[in-house]
Every structure is written in structure tokens, then in C-alpha cells.
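File shown here: entry.cif, holding mmCIF, N, CA and C atoms.
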```cif
data_coords
loop_
_atom_site.label_atom_id
_atom_site.label_comp_id
_atom_site.auth_asym_id
_atom_site.auth_seq_id
_atom_site.Cartn_x
_atom_site.Cartn_y
_atom_site.Cartn_z
N MET A 62 89.38 93.17 84.96
CA MET A 62 89.32 94.36 85.78
C MET A 62 90.28 95.40 85.23
N ARG A 63 89.88 96.63 85.37
CA ARG A 63 90.68 97.72 84.83
C ARG A 63 91.04 98.69 85.95
N VAL A 64 92.34 98.95 86.08
CA VAL A 64 92.86 99.87 87.09
C VAL A 64 93.46 101.07 86.38
N GLY A 65 93.13 102.25 86.87
CA GLY A 65 93.71 103.48 86.34
C GLY A 65 94.78 104.01 87.26
N ILE A 66 95.84 104.51 86.68
CA ILE A 66 96.89 105.15 87.46
C ILE A 66 97.00 106.60 87.01
N VAL A 67 96.78 107.51 87.96
CA VAL A 67 96.98 108.92 87.68
C VAL A 67 98.45 109.19 87.92
N GLU A 68 99.14 109.57 86.86
CA GLU A 68 100.58 109.77 86.96
C GLU A 68 100.89 111.26 87.01
N VAL A 69 101.34 111.70 88.17
CA VAL A 69 101.77 113.07 88.36
C VAL A 69 103.18 113.18 87.78
N LEU A 70 103.42 114.23 87.00
CA LEU A 70 104.76 114.41 86.43
C LEU A 70 105.79 114.43 87.56
N GLY A 71 106.81 113.63 87.41
CA GLY A 71 107.86 113.54 88.42
C GLY A 71 107.69 112.37 89.37
N ALA A 72 106.56 111.66 89.30
CA ALA A 72 106.31 110.54 90.21
C ALA A 72 106.32 109.22 89.45
N GLU A 73 107.09 109.14 88.40
CA GLU A 73 107.10 107.95 87.56
C GLU A 73 107.57 106.71 88.31
N GLU A 74 108.55 106.87 89.21
CA GLU A 74 109.09 105.70 89.93
C GLU A 74 107.99 105.00 90.73
N VAL A 75 107.23 105.77 91.48
CA VAL A 75 106.15 105.20 92.30
C VAL A 75 105.14 104.49 91.41
N ASN A 76 104.74 105.13 90.33
CA ASN A 76 103.72 104.56 89.45
C ASN A 76 104.20 103.33 88.70
N ASN A 77 105.47 103.30 88.33
CA ASN A 77 106.02 102.10 87.67
C ASN A 77 106.03 100.91 88.63
N ILE A 78 106.36 101.16 89.89
CA ILE A 78 106.34 100.09 90.90
C ILE A 78 104.92 99.60 91.12
N LEU A 79 103.97 100.53 91.22
CA LEU A 79 102.56 100.14 91.38
C LEU A 79 102.12 99.25 90.22
N GLU A 80 102.41 99.68 89.00
CA GLU A 80 101.99 98.91 87.83
C GLU A 80 102.60 97.51 87.82
N SER A 81 103.90 97.41 88.11
CA SER A 81 104.54 96.09 88.09
C SER A 81 103.98 95.18 89.19
N GLU A 82 103.69 95.73 90.37
CA GLU A 82 103.11 94.92 91.45
C GLU A 82 101.70 94.46 91.11
N PHE A 83 100.89 95.34 90.52
CA PHE A 83 99.54 94.95 90.13
C PHE A 83 99.59 93.83 89.10
N GLU A 84 100.46 93.96 88.11
CA GLU A 84 100.55 92.93 87.07
C GLU A 84 101.09 91.62 87.62
N LYS A 85 101.95 91.68 88.62
CA LYS A 85 102.51 90.48 89.23
C LYS A 85 101.45 89.74 90.05
N GLU A 86 100.60 90.47 90.74
CA GLU A 86 99.62 89.87 91.65
C GLU A 86 98.31 89.46 90.98
N VAL A 87 97.88 90.17 89.96
CA VAL A 87 96.58 89.90 89.31
C VAL A 87 96.82 89.71 87.82
N SER A 88 96.58 88.50 87.35
CA SER A 88 96.90 88.17 85.95
C SER A 88 95.92 88.79 84.96
N THR A 89 94.70 89.06 85.37
CA THR A 89 93.67 89.55 84.44
C THR A 89 93.50 91.06 84.52
N ILE A 90 94.50 91.77 84.97
CA ILE A 90 94.38 93.20 85.16
C ILE A 90 94.76 93.96 83.90
N GLU A 91 94.05 95.03 83.64
CA GLU A 91 94.38 95.94 82.54
C GLU A 91 94.64 97.30 83.16
N ILE A 92 95.75 97.90 82.83
CA ILE A 92 96.14 99.17 83.46
C ILE A 92 96.11 100.29 82.44
N LYS A 93 95.44 101.38 82.82
CA LYS A 93 95.38 102.59 82.01
C LYS A 93 96.06 103.70 82.80
N ARG A 94 96.71 104.61 82.09
CA ARG A 94 97.38 105.73 82.75
C ARG A 94 96.86 107.06 82.22
N GLN A 95 96.85 108.04 83.11
CA GLN A 95 96.50 109.40 82.74
C GLN A 95 97.52 110.33 83.39
N VAL A 96 98.25 111.07 82.58
CA VAL A 96 99.28 111.98 83.09
C VAL A 96 98.63 113.32 83.44
N VAL A 97 99.00 113.85 84.61
CA VAL A 97 98.56 115.19 85.03
C VAL A 97 99.79 115.99 85.43
N PRO A 98 99.75 117.32 85.28
CA PRO A 98 100.93 118.12 85.55
C PRO A 98 101.30 118.26 87.03
N THR A 99 100.30 118.35 87.91
CA THR A 99 100.58 118.50 89.35
C THR A 99 99.68 117.58 90.15
N ILE A 100 100.04 117.37 91.40
CA ILE A 100 99.24 116.50 92.27
C ILE A 100 97.86 117.09 92.51
N ASP A 101 97.72 118.40 92.42
CA ASP A 101 96.41 119.03 92.61
C ASP A 101 95.44 118.71 91.47
N ASP A 102 95.94 118.17 90.37
CA ASP A 102 95.10 117.80 89.23
C ASP A 102 94.68 116.33 89.25
N THR A 103 94.94 115.66 90.36
CA THR A 103 94.64 114.23 90.48
C THR A 103 93.17 113.91 90.25
N ALA A 104 92.27 114.71 90.82
CA ALA A 104 90.84 114.43 90.67
C ALA A 104 90.41 114.49 89.22
N LEU A 105 90.96 115.41 88.46
CA LEU A 105 90.64 115.51 87.04
C LEU A 105 91.14 114.27 86.29
N GLY A 106 92.36 113.84 86.58
CA GLY A 106 92.89 112.63 85.96
C GLY A 106 92.06 111.41 86.31
N ALA A 107 91.62 111.33 87.58
CA ALA A 107 90.79 110.21 88.02
C ALA A 107 89.45 110.21 87.27
N ARG A 108 88.86 111.36 87.12
CA ARG A 108 87.58 111.46 86.42
C ARG A 108 87.72 110.98 84.97
N ILE A 109 88.80 111.36 84.32
CA ILE A 109 89.04 110.92 82.94
C ILE A 109 89.18 109.40 82.89
N LEU A 110 89.91 108.82 83.84
CA LEU A 110 90.10 107.37 83.85
C LEU A 110 88.78 106.63 84.12
N PHE A 111 87.97 107.15 85.02
CA PHE A 111 86.69 106.51 85.31
C PHE A 111 85.72 106.63 84.13
N GLU A 112 85.61 107.81 83.57
CA GLU A 112 84.60 108.05 82.54
C GLU A 112 85.04 107.59 81.15
N ASP A 113 86.26 107.91 80.75
CA ASP A 113 86.70 107.60 79.39
C ASP A 113 87.29 106.20 79.25
N SER A 114 87.98 105.73 80.31
CA SER A 114 88.63 104.42 80.22
C SER A 114 87.88 103.34 80.98
N ASP A 115 86.78 103.71 81.63
CA ASP A 115 85.92 102.76 82.35
C ASP A 115 86.70 101.94 83.38
N CYS A 116 87.53 102.61 84.19
CA CYS A 116 88.32 101.92 85.22
C CYS A 116 87.46 101.60 86.44
N ASP A 117 87.77 100.49 87.09
CA ASP A 117 87.06 100.09 88.30
C ASP A 117 87.58 100.87 89.51
N ILE A 118 88.88 101.03 89.59
CA ILE A 118 89.50 101.84 90.64
C ILE A 118 90.59 102.69 90.01
N VAL A 119 90.98 103.73 90.75
CA VAL A 119 92.07 104.58 90.31
C VAL A 119 93.05 104.72 91.47
N VAL A 120 94.34 104.72 91.13
CA VAL A 120 95.40 104.86 92.13
C VAL A 120 96.27 106.05 91.72
N VAL A 121 96.62 106.86 92.70
CA VAL A 121 97.60 107.92 92.45
C VAL A 121 98.79 107.66 93.35
N GLY A 122 99.98 107.64 92.76
CA GLY A 122 101.20 107.44 93.52
C GLY A 122 102.05 108.69 93.48
N TYR A 123 102.63 109.02 94.63
CA TYR A 123 103.43 110.23 94.71
C TYR A 123 104.41 110.09 95.86
N ALA A 124 105.63 110.56 95.68
CA ALA A 124 106.65 110.53 96.73
C ALA A 124 106.94 111.96 97.18
N LEU A 125 106.72 112.21 98.46
CA LEU A 125 107.00 113.54 99.02
C LEU A 125 108.50 113.76 99.11
N GLU A 126 108.91 114.99 98.94
CA GLU A 126 110.32 115.33 99.03
C GLU A 126 110.53 116.33 100.17
N GLY A 127 111.54 116.06 101.01
CA GLY A 127 111.88 116.97 102.10
C GLY A 127 110.70 117.23 103.02
N ASP A 128 110.40 118.51 103.25
CA ASP A 128 109.29 118.87 104.14
C ASP A 128 108.01 119.18 103.36
N GLU A 129 107.91 118.66 102.14
CA GLU A 129 106.72 118.87 101.31
C GLU A 129 105.48 118.28 101.99
N LYS A 130 104.38 118.99 101.89
CA LYS A 130 103.10 118.53 102.44
C LYS A 130 102.06 118.54 101.32
N LEU A 131 101.06 117.70 101.48
CA LEU A 131 99.98 117.67 100.50
C LEU A 131 99.08 118.89 100.68
N SER A 132 98.65 119.46 99.59
CA SER A 132 97.80 120.65 99.67
C SER A 132 96.38 120.26 100.07
N ARG A 133 95.71 121.20 100.64
CA ARG A 133 94.31 120.99 101.01
C ARG A 133 93.46 120.80 99.76
N ALA A 134 93.82 121.49 98.67
CA ALA A 134 93.09 121.36 97.41
C ALA A 134 93.13 119.93 96.91
N PHE A 135 94.30 119.29 97.00
CA PHE A 135 94.43 117.89 96.58
C PHE A 135 93.52 117.01 97.41
N GLN A 136 93.61 117.13 98.72
CA GLN A 136 92.86 116.25 99.61
C GLN A 136 91.35 116.41 99.41
N GLU A 137 90.89 117.64 99.33
CA GLU A 137 89.45 117.87 99.17
C GLU A 137 88.95 117.44 97.79
N SER A 138 89.74 117.70 96.76
CA SER A 138 89.28 117.34 95.41
C SER A 138 89.19 115.83 95.23
N VAL A 139 90.12 115.09 95.82
CA VAL A 139 90.07 113.62 95.71
C VAL A 139 88.87 113.07 96.48
N LEU A 140 88.65 113.57 97.68
CA LEU A 140 87.49 113.11 98.45
C LEU A 140 86.18 113.43 97.73
N TYR A 141 86.07 114.63 97.20
CA TYR A 141 84.87 115.02 96.47
C TYR A 141 84.66 114.14 95.24
N ALA A 142 85.73 113.88 94.51
CA ALA A 142 85.63 113.04 93.30
C ALA A 142 85.18 111.63 93.66
N GLN A 143 85.70 111.08 94.76
CA GLN A 143 85.29 109.73 95.19
C GLN A 143 83.80 109.68 95.48
N TYR A 144 83.33 110.65 96.24
CA TYR A 144 81.92 110.65 96.61
C TYR A 144 81.03 110.90 95.40
N GLU A 145 81.45 111.78 94.53
CA GLU A 145 80.64 112.11 93.36
C GLU A 145 80.54 110.93 92.39
N MET A 146 81.67 110.23 92.18
CA MET A 146 81.68 109.13 91.21
C MET A 146 81.39 107.77 91.83
N LYS A 147 81.37 107.72 93.16
CA LYS A 147 81.09 106.47 93.89
C LYS A 147 82.08 105.36 93.51
N LYS A 148 83.33 105.74 93.40
CA LYS A 148 84.40 104.81 93.07
C LYS A 148 85.62 105.14 93.93
N HIS A 149 86.51 104.16 94.06
CA HIS A 149 87.69 104.32 94.90
C HIS A 149 88.83 105.03 94.17
N ILE A 150 89.42 106.00 94.85
CA ILE A 150 90.67 106.59 94.41
C ILE A 150 91.66 106.34 95.54
N PHE A 151 92.56 105.40 95.31
CA PHE A 151 93.55 105.06 96.33
C PHE A 151 94.75 105.99 96.18
N ARG A 152 95.22 106.49 97.32
CA ARG A 152 96.38 107.39 97.32
C ARG A 152 97.55 106.68 97.96
N VAL A 153 98.63 106.56 97.22
CA VAL A 153 99.87 105.98 97.75
C VAL A 153 100.86 107.13 97.82
N ILE A 154 100.89 107.77 98.97
CA ILE A 154 101.76 108.92 99.19
C ILE A 154 102.92 108.47 100.05
N VAL A 155 104.11 108.41 99.47
CA VAL A 155 105.29 107.90 100.15
C VAL A 155 105.94 109.04 100.94
N PRO A 156 106.05 108.90 102.27
CA PRO A 156 106.74 109.93 103.06
C PRO A 156 108.20 110.04 102.64
N TYR A 157 108.77 111.22 102.80
CA TYR A 157 110.14 111.45 102.33
C TYR A 157 111.17 110.59 103.04
N ASP A 158 110.87 110.14 104.26
CA ASP A 158 111.85 109.37 105.03
C ASP A 158 111.68 107.85 104.88
N ARG A 159 110.87 107.41 103.92
CA ARG A 159 110.64 105.98 103.70
C ARG A 159 111.20 105.57 102.34
N ASP A 160 111.54 104.29 102.23
CA ASP A 160 112.03 103.74 100.98
C ASP A 160 110.87 103.64 99.99
N VAL A 161 111.01 104.27 98.83
CA VAL A 161 109.93 104.33 97.84
C VAL A 161 109.51 102.93 97.39
N GLY A 162 110.47 102.08 97.06
CA GLY A 162 110.15 100.74 96.55
C GLY A 162 109.41 99.89 97.56
N GLU A 163 109.94 99.82 98.77
CA GLU A 163 109.33 98.99 99.82
C GLU A 163 107.93 99.48 100.18
N TYR A 164 107.79 100.78 100.38
CA TYR A 164 106.51 101.37 100.77
C TYR A 164 105.46 101.17 99.67
N THR A 165 105.85 101.40 98.43
CA THR A 165 104.91 101.29 97.31
C THR A 165 104.48 99.85 97.08
N LYS A 166 105.41 98.90 97.18
CA LYS A 166 105.05 97.49 97.02
C LYS A 166 104.06 97.05 98.08
N ALA A 167 104.29 97.45 99.33
CA ALA A 167 103.37 97.09 100.42
C ALA A 167 101.99 97.71 100.18
N ALA A 168 101.96 98.96 99.74
CA ALA A 168 100.68 99.62 99.47
C ALA A 168 99.94 98.93 98.32
N ALA A 169 100.65 98.55 97.27
CA ALA A 169 100.03 97.87 96.14
C ALA A 169 99.42 96.54 96.57
N LYS A 170 100.12 95.81 97.41
CA LYS A 170 99.60 94.52 97.89
C LYS A 170 98.33 94.73 98.72
N GLU A 171 98.28 95.77 99.53
CA GLU A 171 97.08 96.05 100.32
C GLU A 171 95.91 96.47 99.44
N ILE A 172 96.17 97.24 98.41
CA ILE A 172 95.10 97.63 97.49
C ILE A 172 94.53 96.39 96.80
N ILE A 173 95.40 95.51 96.37
CA ILE A 173 94.96 94.27 95.72
C ILE A 173 94.14 93.43 96.69
N ARG A 174 94.61 93.31 97.92
CA ARG A 174 93.84 92.55 98.92
C ARG A 174 92.48 93.17 99.14
N TYR A 175 92.41 94.47 99.22
CA TYR A 175 91.15 95.15 99.49
C TYR A 175 90.17 94.97 98.34
N PHE A 176 90.65 95.16 97.12
CA PHE A 176 89.74 95.17 95.99
C PHE A 176 89.56 93.82 95.31
N TYR A 177 90.63 93.02 95.22
CA TYR A 177 90.57 91.76 94.47
C TYR A 177 90.50 90.51 95.35
N LYS A 178 90.93 90.63 96.60
CA LYS A 178 90.94 89.46 97.49
C LYS A 178 90.31 89.79 98.85
N PRO A 179 89.06 90.25 98.85
CA PRO A 179 88.44 90.63 100.12
C PRO A 179 88.28 89.47 101.09
N HIS A 180 88.25 88.23 100.58
CA HIS A 180 88.13 87.07 101.44
C HIS A 180 89.33 86.96 102.38
N GLU A 181 90.51 87.38 101.93
CA GLU A 181 91.68 87.36 102.80
C GLU A 181 91.51 88.33 103.95
N LEU A 182 91.01 89.52 103.64
CA LEU A 182 90.80 90.51 104.69
C LEU A 182 89.73 90.05 105.68
N GLN A 183 88.67 89.44 105.15
CA GLN A 183 87.60 88.95 106.01
C GLN A 183 88.10 87.87 106.95
N SER A 184 88.89 86.93 106.44
CA SER A 184 89.40 85.87 107.32
C SER A 184 90.38 86.43 108.33
N GLU A 185 91.16 87.43 107.94
CA GLU A 185 92.08 88.08 108.87
C GLU A 185 91.29 88.81 109.96
N ARG A 186 90.24 89.47 109.55
CA ARG A 186 89.39 90.20 110.51
C ARG A 186 88.72 89.23 111.48
N SER A 187 88.27 88.10 110.97
CA SER A 187 87.61 87.10 111.80
C SER A 187 88.56 86.53 112.84
N SER A 188 89.80 86.35 112.49
CA SER A 188 90.77 85.77 113.43
C SER A 188 91.22 86.77 114.47
N MET A 189 90.90 88.05 114.29
CA MET A 189 91.31 89.09 115.23
C MET A 189 90.22 89.44 116.23
N SER A 190 89.12 88.71 116.25
CA SER A 190 88.00 89.06 117.12
C SER A 190 88.39 88.90 118.59
N GLU A 191 87.75 89.73 119.41
CA GLU A 191 88.01 89.70 120.84
C GLU A 191 87.27 88.55 121.49
N PRO A 192 87.79 88.01 122.58
CA PRO A 192 87.06 86.95 123.28
C PRO A 192 85.74 87.50 123.83
N GLU A 193 84.72 86.67 123.76
CA GLU A 193 83.41 87.11 124.22
C GLU A 193 83.36 87.17 125.73
N LYS A 194 82.63 88.17 126.23
CA LYS A 194 82.44 88.31 127.67
C LYS A 194 81.27 87.44 128.09
N GLU A 195 81.25 87.10 129.36
CA GLU A 195 80.14 86.28 129.86
C GLU A 195 78.87 87.09 129.83
N GLY A 196 77.77 86.41 129.64
CA GLY A 196 76.47 87.06 129.60
C GLY A 196 75.76 86.68 128.32
N THR A 197 74.45 86.71 128.37
CA THR A 197 73.70 86.26 127.22
C THR A 197 73.06 87.41 126.45
N SER A 198 72.94 88.59 127.06
CA SER A 198 72.28 89.68 126.34
C SER A 198 73.31 90.68 125.82
N PHE A 199 72.93 91.36 124.77
CA PHE A 199 73.80 92.35 124.17
C PHE A 199 73.71 93.64 124.95
N ASN A 200 74.84 94.17 125.34
CA ASN A 200 74.88 95.44 126.05
C ASN A 200 75.78 96.39 125.27
N PRO A 201 75.22 97.38 124.56
CA PRO A 201 76.04 98.26 123.75
C PRO A 201 76.99 99.12 124.57
N PHE A 202 76.76 99.23 125.87
CA PHE A 202 77.62 100.07 126.71
C PHE A 202 78.67 99.26 127.45
N ALA A 203 78.78 97.97 127.16
CA ALA A 203 79.73 97.11 127.83
C ALA A 203 81.17 97.55 127.59
N LEU A 204 81.42 98.13 126.43
CA LEU A 204 82.78 98.57 126.12
C LEU A 204 83.22 99.74 127.00
N PHE A 205 82.27 100.44 127.59
CA PHE A 205 82.61 101.61 128.39
C PHE A 205 82.70 101.34 129.88
N ASP A 206 82.53 100.07 130.29
CA ASP A 206 82.61 99.72 131.71
C ASP A 206 84.01 99.86 132.24
#
```

Show me this structure written as C-alpha cells.
Amino acid sequence: MRVGIVEVLGAEEVNNILESEFEKEVSTIEIKRQVVPTIDDTALGARILFEDSDCDIVVVGYALEGDEKLSRAFQESVLYAQYEMKKHIFRVIVPYDRDVGEYTKAAAKEIIRYFYKPHELQSERSSMSEPEKEGTSFNPFALFD
């Protein structure tokens, strides 16, 4: 499996943690990187990784500073690129008030579970089911009673 990391200039710490966690958790992983100058160029970097490097998924890591907010251009371009290419672009955006290492490691583990170990998520989902209500027929409006 091949994972692409879009590396925004200045976000090397987040991306290095992502890469080390991926390599620690999945032994057969190959990681490709594409450097972009700003976070608004993420969709272009993702497209290059999907088309030129044949990546299965792409991850972008970024740590917000102070009261920095993500631009609308970034959010829309990433969503559009996902739909157009029919592939996942995972965003690991670390809030300024969170520990970069801890937050990024947790996010990397969830990405791995989602993409490489879906059976874990399925068994977790199965164990979280609600107790069944009495009755033999299905009533789609039962939740609204």
C-alpha cells in the first residue's frame, strides 16, 4: 500500500510524526511526499500524489498557530479533489491548544484503523449497538417516539 503525505512548508513536525506512526503500525507501507508552499495548495499536492505516485490515500498534516483558521479555499478544494478523484484525503489539523505529538499520533492510528484495519472498527461498532426494543416489526419512526 502506498500513502502520500502532502507536506505544507512549515508543518514538517506533524508530517514526520505521521510518517513514523504509519511505518510503526503497517510494515508493508510505502510513503511518498509532495511539498506544497501553502495549505491552500493541498489539493494540487494530493492530485500529484494520486496521479503520479499512484497513492491509495493522501494525508495532509498541519498545526494551527494562535487564532489561525483554515481558509474556505482549502476546505472546498480538498472536498472537490476527493470527490473528483474518488480517493481519501485525510486532514490532520492540530488545534493550537493541543499537543502536536499526542494529537498527531492518535490521528495516525485512527487513519490506519479506518483504511488498513476496518475489521477493528466493525467489531467496535457491533459492540456499541443499542438494545433491541420489544416488537417484531420494523418501525422507522420508533426513534422519534

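With atom C of Tyr123 in chain A on one side and atom N of Ala72 in chain A on the other, the separation reads 7.1 Å.
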
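DSSP on the backbone gives strand (DSSP E or B) for these parts of chain A: Arg63, Val64, Gly65, Ile66, Val67, Glu68, Val69, Glu91, Ile92, Lys93, Arg94, Gln95, Val96, Val97, Ile118, Val119, Val120, Val121, Gly122, Tyr123, Ala124, His149, Ile150, Phe151, Arg152, Val153, Ile154 and Val155 of chain A.
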
Those in chain A with helix (DSSP H, G or I) from DSSP, as a PyMOL selection string:
chain A and resi 73-86+100-113+133-146+161-177+179-188+203-205

Just the number, please: distance in Å from CA of Tyr157 in chain A to CA of Asp128 in chain A, one decimal.
7.7 Å

Computed gap from CA of Val75 in chain A to CA of Arg159 in chain A is 12.3 Å

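Proximity ranking of A:Thr165, A:Thr89, A:Ser138, A:Asn76 relative to Arg108 in chain A places A:Ser138 first, based on only C-alpha atoms.
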
To verify the selection step, state as a VMD selection string which residues the PyMOL selection byres ((chain A and resi 141-149) around 8) yields on this input.
chain A and resid 104 to 105 107 to 108 116 to 120 135 to 140 150 to 152

Residues matched by the PyMOL selection byres (((chain A and resi 64 and name CA) around 10) and name CA), written as number ranges by chain
A: 62-63, 65-67, 80, 83, 90-94, 110-111, 114-120

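What the PyMOL selection byres (((chain A and resi 162 and name CA) around 10) and name CA) grabs from this file is Glu74, Val75, Asn77, Ile78, Leu79, Val155, Arg159, Asp160, Val161, Glu163, Tyr164, Thr165, Lys166, Ala167 and Ala168 of chain A.
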
Counting all atoms listed in the file, which of A:Glu68, A:Glu171, A:Glu73, A:Glu126 gets nearest to Gln95 in chain A?
A:Glu68
